[in-house]
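Novice: The file below is model-v5.txt, compact mmCIF, C-alpha atoms:
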```
# COMPACT_ATOMS: atom_id res chain seq x y z
CA MET D 254 0.00 0.00 0.00
CA PRO D 255 1.51 3.40 -0.97
CA ARG D 256 2.29 5.87 1.79
CA ARG D 257 0.21 9.02 1.82
CA PHE D 258 1.75 12.38 2.57
CA ASN D 259 0.45 13.82 5.83
CA MET D 260 0.97 17.60 5.85
CA ASN D 261 0.26 18.01 9.57
CA LYS D 262 2.74 15.27 10.52
CA PHE D 263 5.34 16.77 8.19
CA ILE D 264 4.98 20.23 9.77
CA ARG D 265 5.14 18.73 13.27
CA ASP D 266 8.25 16.74 12.33
CA VAL D 267 9.94 19.86 10.87
CA LEU D 268 9.20 21.75 14.08
CA ASN D 269 10.66 18.86 16.10
CA ASP D 270 13.90 18.79 14.06
CA LYS D 271 13.26 15.43 12.46
CA TYR D 272 14.37 16.79 9.10
CA ALA D 273 17.63 18.31 7.94
CA LEU D 274 17.54 20.78 5.08
CA VAL D 275 19.89 19.97 2.18
CA ILE D 276 20.99 22.90 -0.01
CA GLY D 277 22.76 22.32 -3.30
CA ASN D 278 24.57 24.68 -5.66
CA GLU D 279 21.54 25.29 -7.91
CA ILE D 280 19.52 27.51 -5.58
CA ILE D 281 22.06 29.69 -3.82
CA LEU D 282 22.45 32.82 -5.92
CA ASP D 283 19.95 35.52 -6.76
CA GLU D 284 18.85 36.00 -10.36
CA GLY D 285 20.73 39.28 -10.56
CA VAL D 286 24.00 37.43 -10.01
CA GLU D 287 23.42 34.34 -12.13
CA PRO D 288 20.16 33.83 -14.08
CA ASN D 289 20.10 30.08 -13.50
CA HIS D 290 20.74 30.37 -9.73
CA ASP D 291 23.69 27.97 -10.00
CA VAL D 292 26.73 29.05 -7.98
CA HIS D 293 28.92 26.53 -9.82
CA GLN D 294 28.03 28.15 -13.16
CA TYR D 295 28.85 31.53 -11.65
CA PHE D 296 32.28 30.28 -10.55
CA LEU D 297 32.88 28.65 -13.93
CA ARG D 298 32.11 31.90 -15.74
CA LYS D 299 34.38 33.91 -13.42
CA VAL D 300 37.27 31.44 -13.78
CA ASN D 301 36.94 31.28 -17.57
CA GLU D 302 37.06 35.10 -17.74
CA VAL D 303 40.55 35.17 -16.22
CA SER D 304 41.98 31.75 -17.03
CA ALA D 305 44.11 30.69 -19.99
CA VAL D 306 42.37 27.30 -19.76
CA GLU D 307 38.74 27.02 -20.89
CA TYR D 308 36.88 24.80 -18.43
CA SER D 309 33.59 23.20 -19.48
CA SER D 310 32.29 22.50 -15.98
CA TYR D 311 32.93 23.34 -12.35
CA TYR D 312 34.01 19.74 -11.78
CA ASP D 313 36.70 20.12 -14.45
CA ILE D 314 38.14 22.92 -12.32
CA ALA D 315 37.96 20.82 -9.15
CA LEU D 316 39.58 17.81 -10.84
CA ASP D 317 42.28 19.70 -12.78
CA LYS D 318 45.59 18.41 -11.44
CA SER D 319 47.65 20.91 -13.46
CA GLU D 320 46.51 23.79 -11.23
CA ARG D 321 48.57 23.97 -8.04
CA ILE D 322 45.89 26.16 -6.45
CA ASN D 323 42.22 25.87 -7.32
CA PRO D 324 41.40 28.88 -9.57
CA VAL D 325 38.13 29.50 -7.69
CA ARG D 326 40.08 29.69 -4.44
CA GLN D 327 42.51 32.12 -6.13
CA LEU D 328 39.57 34.38 -7.08
CA VAL D 329 38.30 34.25 -3.51
CA GLU D 330 41.73 35.06 -2.08
CA SER D 331 42.20 37.94 -4.55
CA GLY D 332 38.85 39.44 -3.53
CA ASP D 333 37.25 39.01 -6.97
CA ILE D 334 34.62 36.76 -5.39
CA CYS D 335 33.13 37.77 -2.06
CA PHE D 336 30.76 35.53 -0.11
CA ASP D 337 28.03 37.94 0.95
CA GLU D 338 24.48 37.00 1.88
CA LYS D 339 23.17 39.86 -0.31
CA TYR D 340 23.79 37.59 -3.33
CA VAL D 341 21.63 34.75 -1.96
CA SER D 342 18.24 34.20 -3.60
CA LYS D 343 15.26 35.87 -1.96
CA GLU D 344 13.49 32.51 -1.71
CA LEU D 345 16.34 31.03 0.31
CA LYS D 346 16.46 34.12 2.53
CA ALA D 347 12.72 33.82 3.20
CA LEU D 348 13.11 30.13 4.08
CA PHE D 349 15.86 30.84 6.61
CA GLU D 350 13.97 33.75 8.15
CA THR D 351 11.46 31.13 9.37
CA ARG D 352 14.21 29.50 11.49
CA LEU D 353 12.52 26.14 10.96
CA PHE D 354 15.62 24.10 10.14
CA ASN D 355 18.32 23.80 12.79
CA THR D 356 20.43 21.33 10.82
CA VAL D 357 21.44 22.27 7.29
CA LEU D 358 23.68 20.25 4.98
CA THR D 359 25.23 21.95 1.98
CA THR D 360 26.85 20.29 -1.00
CA THR D 361 28.51 23.54 -2.05
CA THR D 362 31.96 24.55 -0.81
CA ASP D 363 31.36 28.31 -0.97
CA GLY D 364 30.40 30.62 1.89
CA TYR D 365 27.17 32.23 0.60
CA LEU D 366 24.85 30.07 2.66
CA GLU D 367 27.04 30.43 5.74
CA ALA D 368 26.93 34.23 5.42
CA LEU D 369 23.12 34.11 5.32
CA MET D 370 22.90 31.72 8.26
CA ARG D 371 25.30 33.88 10.30
CA ARG D 372 23.00 36.86 9.78
CA VAL D 373 19.94 34.84 10.84
CA TYR D 374 21.46 32.86 13.75
CA GLY D 375 24.37 35.07 14.77
CA ARG D 376 27.09 33.60 16.98
CA ASP D 377 24.92 30.58 17.80
CA LEU D 378 25.64 29.04 14.39
CA ARG D 379 27.96 26.02 14.47
CA VAL D 380 29.85 25.35 11.22
CA VAL D 381 31.09 21.82 10.56
CA ASN D 382 33.46 21.00 7.73
CA VAL D 383 33.50 17.23 7.21
CA TYR D 384 37.19 17.40 6.24
CA ASP D 385 38.14 19.26 9.42
CA LYS D 386 38.54 16.87 12.34
CA ASP D 387 38.28 19.66 14.93
CA THR D 388 34.86 20.90 13.83
CA VAL D 389 33.54 17.32 13.52
CA ASP D 390 34.86 16.44 16.98
CA GLU D 391 33.33 19.60 18.49
CA LEU D 392 29.93 18.68 17.04
CA GLN D 393 30.16 15.11 18.37
CA LYS D 394 31.10 16.36 21.85
CA ALA D 395 28.25 18.88 21.85
CA ARG D 396 25.74 16.20 20.83
CA LYS D 397 27.01 13.78 23.49
CA ALA D 398 26.76 16.52 26.12
CA CYS D 399 22.99 16.61 25.66
CA ARG D 400 21.25 14.66 28.39
CA ARG D 401 19.32 11.50 27.56
CA GLY D 402 16.11 12.43 25.81
CA GLN D 403 17.27 15.99 25.21
CA LYS D 404 17.65 16.99 21.59
CA TYR D 405 20.64 18.81 20.18
CA ASN D 406 19.26 22.09 18.90
CA GLN D 407 22.15 24.43 18.16
CA PRO D 408 21.83 25.74 14.58
CA THR D 409 24.40 23.80 12.56
CA LEU D 410 25.64 24.12 8.98
CA ILE D 411 27.50 21.07 7.69
CA TYR D 412 29.71 21.32 4.60
CA VAL D 413 29.30 17.83 3.12
CA PHE D 414 32.16 18.19 0.60
CA GLY D 415 34.38 20.53 2.62
CA LYS D 416 34.49 24.28 3.05
CA MET D 417 36.28 26.81 0.90
CA GLU D 418 37.87 29.45 3.10
CA GLU D 419 37.49 33.15 2.39
```
Have the structure of the file written as structure tokens, please.

Specialist:
Amino acid sequence: MPRRFNMNKFIRDVLNDKYALVIGNEIILDEGVEPNHDVHQYFLRKVNEVSAVEYSSYYDIALDKSERINPVRQLVESGDICFDEKYVSKELKALFETRLFNTVLTTTTDGYLEALMRRVYGRDLRVVNVYDKDTVDELQKARKACRRGQKYNQPTLIYVFGKMEE
């Protein structure tokens, strides 16, 4: 028998932190920055404007072994790309203003979502980079510190594929 979607149960489960929000690269940027909302396409365009190599996809940049430093990271370090929440789509801003999701996973490596979440949650936001043992250990310790039956509710952003520093 197929399961039926129960809107009331879903809302109750969201409010009780039974869901984590997953944000990918396609819905980060505002239309004014990149018409297709895709932060990877934005980075690709920026890199191709200044690079001698013509990359066909963001993954080509990430996998290019000839570059000693990732060209996107070089643009960030030079200041040509700035992670500012003002570039985040208005839909994503509206979603975070609700403060419904305490746990957010992102498959992007950029800092746009983090900038938005820092504005919404302030210093309470915990940032976990899966490739950084210290931040992972801190999260595990914080979760274990919760008493039995108590839920961990500190707002947490988890970079699933690592975090690009700015």

Novice: Mind running segment 324-410 of chain D against segment 294-317 of chain D at 9 Å and telling me each contacting residue's nearest atom pair with the distance in Å (one decimal), counting only C-alpha atoms, chain and number ascending, as JSON lines?

Specialist:
```
{"residue": "D:Pro324", "atom": "CA", "partner": "D:Val300", "partner_atom": "CA", "distance": 6.4}
{"residue": "D:Val325", "atom": "CA", "partner": "D:Val300", "partner_atom": "CA", "distance": 6.4}
{"residue": "D:Leu328", "atom": "CA", "partner": "D:Val300", "partner_atom": "CA", "distance": 7.7}
{"residue": "D:Asp333", "atom": "CA", "partner": "D:Lys299", "partner_atom": "CA", "distance": 8.7}
{"residue": "D:Ile334", "atom": "CA", "partner": "D:Lys299", "partner_atom": "CA", "distance": 8.5}
```

Novice: Can you pull out every residue within 8 Å of segment 348-353 of chain D, counting only C-alpha atoms, but drop anything in the same chain fewer than 3 positions away, and send it as a list in words?

Specialist: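 Non-adjacent residues within range: Val267, Leu268, Glu344, Leu345, Met370 and Val373 of chain D.
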
Novice: Could you work out how far atom CA of Glu391 of chain D lies from atom CA of Cys335 of chain D, giving the answer in Å with one decimal?

Specialist: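 Atom CA of Glu391 of chain D lies at a distance of 27.4 Å from atom CA of Cys335 of chain D.
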
Novice: One decimal, in Å: what's the spacing between atom CA of Asp385 of chain D and atom CA of Thr356 of chain D?

Specialist: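 Taking atom CA of Asp385 of chain D and atom CA of Thr356 of chain D, their separation equals 17.9 Å.
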
Novice: Rounded to one decimal place, report the atom CA of Glu279 of chain D-atom CA of Lys416 of chain D distance in Å.

Specialist: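 Separation between atom CA of Glu279 of chain D and atom CA of Lys416 of chain D: 17.0 Å.
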
Novice: Hey, which of D:Asp390, D:Glu367, D:Asp283, D:Asp270 ends up closest to Val341 of chain D? Count only C-alpha atoms.

Specialist: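 Ranking D:Asp390, D:Glu367, D:Asp283, D:Asp270 by distance to Val341 of chain D, first place goes to D:Asp283.
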
Novice: Could you check the closest approach to Gly285 of chain D for each of D:Asn355, D:Ser342, D:Val380, D:Gln407 and tell me which residue wins, using all atoms listed in the file?

Specialist: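 Nearest to Gly285 of chain D: D:Ser342.
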
Novice: Using only C-alpha atoms, can you tell me which of D:Ile281, D:Thr409, D:Lys404, D:Ala368 comes closest to Thr388 of chain D?

Specialist: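 Checking each of D:Ile281, D:Thr409, D:Lys404, D:Ala368 against Thr388 of chain D, counting only C-alpha atoms, the winner is D:Thr409.
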
Novice: Got a sec: who's within 12 Å of Tyr412 of chain D, counting all atoms listed in the file, leaving out chain neighbours fewer than 4 positions off, as a list in words?

Specialist: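 Skipping anything fewer than 4 positions along the chain leaves Val275, Ile276, Gly277, Asn278, Thr356, Val357, Leu358, Thr359, Thr360, Thr361, Thr362, Asp363, Gly364, Tyr365, Leu366, Glu367, Arg379, Val380, Val381, Asn382, Val383, Tyr384, Asp385, Thr388, Val389, Lys416, Met417 and Glu418 of chain D.
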
Novice: For Asn406 of chain D, which of D:Asn259, D:His293, D:Arg372, D:Leu392 is the closest residue, counting all atoms listed in the file?

Specialist: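 That would be D:Leu392, the residue with the smallest distance to Asn406 of chain D.
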